Amino acid sequence: MDDTERALREQDRGLWATAACFVLGVALGTLLLIGPPRPLAGPGSIMMPAALVAGAIAAAAFVVSTLMHRRGETSGMPRWQTVVSDVSSIAVTIAFGGVTALGTLLAAEVFANGLQGISLVPLAGGVFTGVASAVGGRLAFAAGVDLRTGDLAALLFGFLIIGTMFAMITAVDPRWWEKNFSQLGGGAGAWAFNGTLVIAGLLIATVGSYVGRDLHRLLGDGALRRIAVVVVAWALAGAALAAVGLLPITSVPTAHLVAATAALVLFVAAAAVTATALPREVSRTLRATTVAVIAVVILAVVLSFAVRLFSATALEAIVVGLALLWMSTLVRLLAILVPDVSRPSEVRSPLRGL
């Protein structure tokens, strides 16, 4: 089968998967919403049942696609390498469910603001659920065909944007921006922002795992020590970001600030060790980007706290934007350098490779 035939076949499968997700979403959504008409958003609305159904269907679509297209990816790998791959796949499954659920909630809030006073009968609510399920399921199914580090980075970017926008729309305090983003983690809708940070932390750790996979495909078992440092650094950065969400500033401000500072420091450390892990002759762009990003972050911190040129909210936005810029540079570089084929390790225990 040539590349054109294979691409057409995957396109057909993707369309069938989209249709299946839509039909399943309509059926489950209608069943859960049986009763009197409900508003699109707010208490007693359709948005939470729709989000839960769409998230579950998207997660299931990723699992089905992974089993269809990448079932033998871990064949020949030692047990430790298989476990790392399986745990990463579980994390991505959770992330796809979370992204789809939050995206559905955000869409419901936006439409509710534009369609004031609208109420939906069960079938209409089911159609809304079906559309959300089809969109999330299609993206998840496509990712399961050939999951790359760049796909995970894009998922992380989208999740942060969607989660933060939903938290902003539903914020109890409309002037939260005068302080910092952490204020979104307080009040009745705090779960949206805090949950976004927790799952984003999980995604960052998973991105680190896939970066380690790519480095192993590129460098082999001889670089296991360097690769392990990279993976651990990203795991710690992800854990620190998750801790920021688990420790809201309104409840435990000191612990929250410690976790936020640790997340920033660990992200910079992870970026540095990743840049140094790549061969020097092919990583000049990433090394230059890393140095530039770290320099701008330091400058932004000085201008924010010492000069008071802009607020903490603006500083946080700058830092996150620079981090995403750096990560996009990394994944593009890996996409160019790393072979597409799986590379089983010949080391039966990771401790022996270290």
# chains A, B, ... in the order shown; residues from 1 in each chain; ligands from 1

$ select_by_dssp --residues "range 78-290 of chain A" --states "helix (DSSP H, G or I)" --output "ChimeraX atom specification"
/A:79-114,122-145,149-169,176-178,181-185,190-219,221-246,253-277,280-282,284-290

$ closest_atom_pairs --of "range 313-333 of chain A" --to "range 190-211 of chain A" --cutoff "10 Å" --atoms "only C-alpha atoms" --output "JSON lines"
{"residue": "A:Met327", "atom": "CA", "partner": "A:Val207", "partner_atom": "CA", "distance": 9.7}
{"residue": "A:Leu330", "atom": "CA", "partner": "A:Val211", "partner_atom": "CA", "distance": 9.0}
{"residue": "A:Val331", "atom": "CA", "partner": "A:Val211", "partner_atom": "CA", "distance": 8.3}

$ closest_atom_pairs --of "range 51-119 of chain A" --to "range 143-152 of chain A" --cutoff "6 Å" --atoms "only C-alpha atoms" --output "CSV"
residue,atom,partner,partner_atom,distance
A:Phe62,CA,A:Gly144,CA,5.3
A:Ser65,CA,A:Gly144,CA,4.8
A:Thr66,CA,A:Gly144,CA,4.6
A:His69,CA,A:Val145,CA,5.3

$ write_last_selection --atoms "all heavy atoms" --output "compact mmCIF listing (two decimals), in the first residue's frame"
# COMPACT_ATOMS: atom_id res chain seq x y z
N PHE A 62 -9.54 7.97 21.47
CA PHE A 62 -8.08 7.88 21.47
C PHE A 62 -7.62 6.45 21.77
O PHE A 62 -6.70 5.93 21.14
CB PHE A 62 -7.48 8.85 22.48
CG PHE A 62 -5.99 8.76 22.60
CD1 PHE A 62 -5.17 9.29 21.60
CD2 PHE A 62 -5.39 8.14 23.68
CE1 PHE A 62 -3.79 9.19 21.69
CE2 PHE A 62 -4.02 8.04 23.78
CZ PHE A 62 -3.21 8.57 22.78
N SER A 65 -8.30 4.23 18.69
CA SER A 65 -7.36 4.53 17.62
C SER A 65 -5.97 4.00 17.94
O SER A 65 -5.27 3.46 17.07
CB SER A 65 -7.29 6.04 17.38
OG SER A 65 -6.40 6.36 16.35
N THR A 66 -5.55 4.14 19.19
CA THR A 66 -4.24 3.62 19.61
C THR A 66 -4.16 2.12 19.43
O THR A 66 -3.16 1.58 18.93
CB THR A 66 -3.97 3.99 21.08
OG1 THR A 66 -3.96 5.42 21.22
CG2 THR A 66 -2.63 3.44 21.55
N HIS A 69 -4.00 1.33 15.57
CA HIS A 69 -2.86 1.77 14.77
C HIS A 69 -1.50 1.55 15.43
O HIS A 69 -0.49 1.50 14.73
CB HIS A 69 -3.01 3.25 14.42
CG HIS A 69 -4.24 3.58 13.66
ND1 HIS A 69 -5.38 4.08 14.26
CD2 HIS A 69 -4.54 3.47 12.34
CE1 HIS A 69 -6.31 4.28 13.35
NE2 HIS A 69 -5.84 3.91 12.17

$ residues_around --residues "range 159-162 of chain A" --least-positions-apart "2" --cutoff "7 Å" --atoms "only C-alpha atoms" --output "list in words"
Val99, Leu102, Gly103, Leu155, Leu156, Phe157, Thr164, Met165, Phe166, Thr196 and Ala200 of chain A

$ write_last_selection --atoms "N, CA and C atoms" --output "short mmCIF file (atom, residue, chain, number, x, y, z; two decimals), in the first residue's frame"
data_model
loop_
_atom_site.label_atom_id
_atom_site.label_comp_id
_atom_site.auth_asym_id
_atom_site.auth_seq_id
_atom_site.Cartn_x
_atom_site.Cartn_y
_atom_site.Cartn_z
N VAL A 99 -9.50 18.00 27.89
CA VAL A 99 -9.55 19.08 26.89
C VAL A 99 -10.94 19.15 26.26
N LEU A 102 -13.55 20.47 28.88
CA LEU A 102 -13.43 21.91 29.11
C LEU A 102 -13.84 22.72 27.87
N GLY A 103 -13.48 22.21 26.69
CA GLY A 103 -13.89 22.88 25.46
C GLY A 103 -15.40 22.94 25.33
N LEU A 155 -1.62 19.89 22.15
CA LEU A 155 -2.68 19.58 23.10
C LEU A 155 -2.51 20.39 24.38
N LEU A 156 -1.27 20.51 24.85
CA LEU A 156 -0.99 21.30 26.05
C LEU A 156 -1.34 22.76 25.83
N PHE A 157 -0.92 23.32 24.68
CA PHE A 157 -1.22 24.72 24.38
C PHE A 157 -2.74 24.94 24.37
N THR A 164 -8.01 28.29 30.73
CA THR A 164 -7.88 29.64 31.29
C THR A 164 -9.03 30.53 30.83
N MET A 165 -9.44 30.42 29.57
CA MET A 165 -10.56 31.23 29.08
C MET A 165 -11.85 30.87 29.81
N PHE A 166 -12.08 29.58 30.04
CA PHE A 166 -13.29 29.19 30.77
C PHE A 166 -13.26 29.72 32.19
N THR A 196 -7.38 22.79 35.47
CA THR A 196 -6.56 23.03 34.28
C THR A 196 -5.09 22.89 34.62
N ALA A 200 -2.67 20.12 33.16
CA ALA A 200 -1.54 20.67 32.40
C ALA A 200 -0.22 20.15 32.96
#

$ closest_residue --among "A:Ala269, A:Val230, A:Leu246, A:Leu105" --to "Gly55 in chain A" --atoms "only C-alpha atoms"
A:Leu105

$ residues_around --residues "Gly42 in chain A" --least-positions-apart "2" --cutoff "10 Å" --atoms "only C-alpha atoms" --output "list in words"
Arg38, Pro39, Leu40, Gly44, Ser45, Ile46, Met47, Met48, Ala108, Glu109, Ala112 and Thr170 of chain A

$ residues_around --residues "Val64 in chain A" --least-positions-apart "4" --cutoff "8 Å" --atoms "only C-alpha atoms" --output "MDAnalysis selection string"
chainID A and resid 60 68 141 144

$ atom_distance --atom1 "CA of Ala335 in chain A" --atom2 "CA of Thr276 in chain A"
17.5 Å

$ closest_residue --among "A:Glu73, A:Glu178, A:Glu316, A:Asp340" --to "Leu218 in chain A" --atoms "only C-alpha atoms"
A:Asp340

$ residues_around --residues "Ala19 in chain A" --least-positions-apart "3" --cutoff "12 Å" --atoms "only C-alpha atoms" --output "MDAnalysis selection string"
chainID A and resid 12:16 22:26 57 61 130:138 141

$ write_last_selection --atoms "N, CA and C atoms" --output "tab-separated table (two decimals), in the first residue's frame"
chain	number	residue	atom	x	y	z
A	12	ASP	N	-10.78	7.91	5.64
A	12	ASP	CA	-12.08	7.22	5.73
A	12	ASP	C	-12.35	6.76	7.16
A	13	ARG	N	-11.32	6.20	7.80
A	13	ARG	CA	-11.50	5.77	9.19
A	13	ARG	C	-11.81	6.94	10.10
A	14	GLY	N	-11.15	8.07	9.85
A	14	GLY	CA	-11.41	9.25	10.66
A	14	GLY	C	-12.84	9.74	10.51
A	15	LEU	N	-13.37	9.69	9.28
A	15	LEU	CA	-14.75	10.12	9.06
A	15	LEU	C	-15.73	9.18	9.75
A	16	TRP	N	-15.48	7.87	9.66
A	16	TRP	CA	-16.34	6.91	10.34
A	16	TRP	C	-16.28	7.09	11.86
A	22	PHE	N	-20.37	11.17	16.99
A	22	PHE	CA	-21.56	12.04	16.95
A	22	PHE	C	-22.81	11.26	17.36
A	23	VAL	N	-23.01	10.11	16.76
A	23	VAL	CA	-24.21	9.31	17.06
A	23	VAL	C	-24.23	8.90	18.53
A	24	LEU	N	-23.08	8.45	19.03
A	24	LEU	CA	-23.01	8.04	20.44
A	24	LEU	C	-23.25	9.23	21.36
A	25	GLY	N	-22.70	10.38	21.00
A	25	GLY	CA	-22.90	11.57	21.82
A	25	GLY	C	-24.35	12.01	21.85
A	26	VAL	N	-25.02	11.97	20.68
A	26	VAL	CA	-26.45	12.33	20.62
A	26	VAL	C	-27.27	11.38	21.48
A	57	ILE	N	-16.20	10.22	25.51
A	57	ILE	CA	-16.17	9.70	24.14
A	57	ILE	C	-14.84	10.02	23.48
A	61	ALA	N	-12.20	7.37	22.03
A	61	ALA	CA	-11.76	7.42	20.63
A	61	ALA	C	-10.24	7.32	20.55
A	130	GLY	N	-23.56	15.71	20.86
A	130	GLY	CA	-23.02	14.95	19.74
A	130	GLY	C	-21.99	15.73	18.95
A	131	VAL	N	-22.25	17.02	18.73
A	131	VAL	CA	-21.28	17.85	18.00
A	131	VAL	C	-19.98	17.96	18.78
A	132	ALA	N	-20.08	18.22	20.09
A	132	ALA	CA	-18.88	18.31	20.92
A	132	ALA	C	-18.12	16.98	20.92
A	133	SER	N	-18.85	15.88	20.98
A	133	SER	CA	-18.23	14.56	20.97
A	133	SER	C	-17.54	14.28	19.64
A	134	ALA	N	-18.17	14.71	18.55
A	134	ALA	CA	-17.59	14.49	17.22
A	134	ALA	C	-16.30	15.26	17.04
A	135	VAL	N	-16.28	16.52	17.48
A	135	VAL	CA	-15.06	17.33	17.35
A	135	VAL	C	-13.93	16.76	18.19
A	136	GLY	N	-14.22	16.51	19.48
A	136	GLY	CA	-13.19	15.96	20.35
A	136	GLY	C	-12.76	14.57	19.93
A	137	GLY	N	-13.73	13.75	19.53
A	137	GLY	CA	-13.42	12.39	19.12
A	137	GLY	C	-12.58	12.33	17.86
A	138	ARG	N	-12.87	13.23	16.91
A	138	ARG	CA	-12.10	13.26	15.66
A	138	ARG	C	-10.63	13.61	15.95
A	141	PHE	N	-8.98	10.67	17.82
A	141	PHE	CA	-8.77	9.52	16.95
A	141	PHE	C	-7.57	9.76	16.03
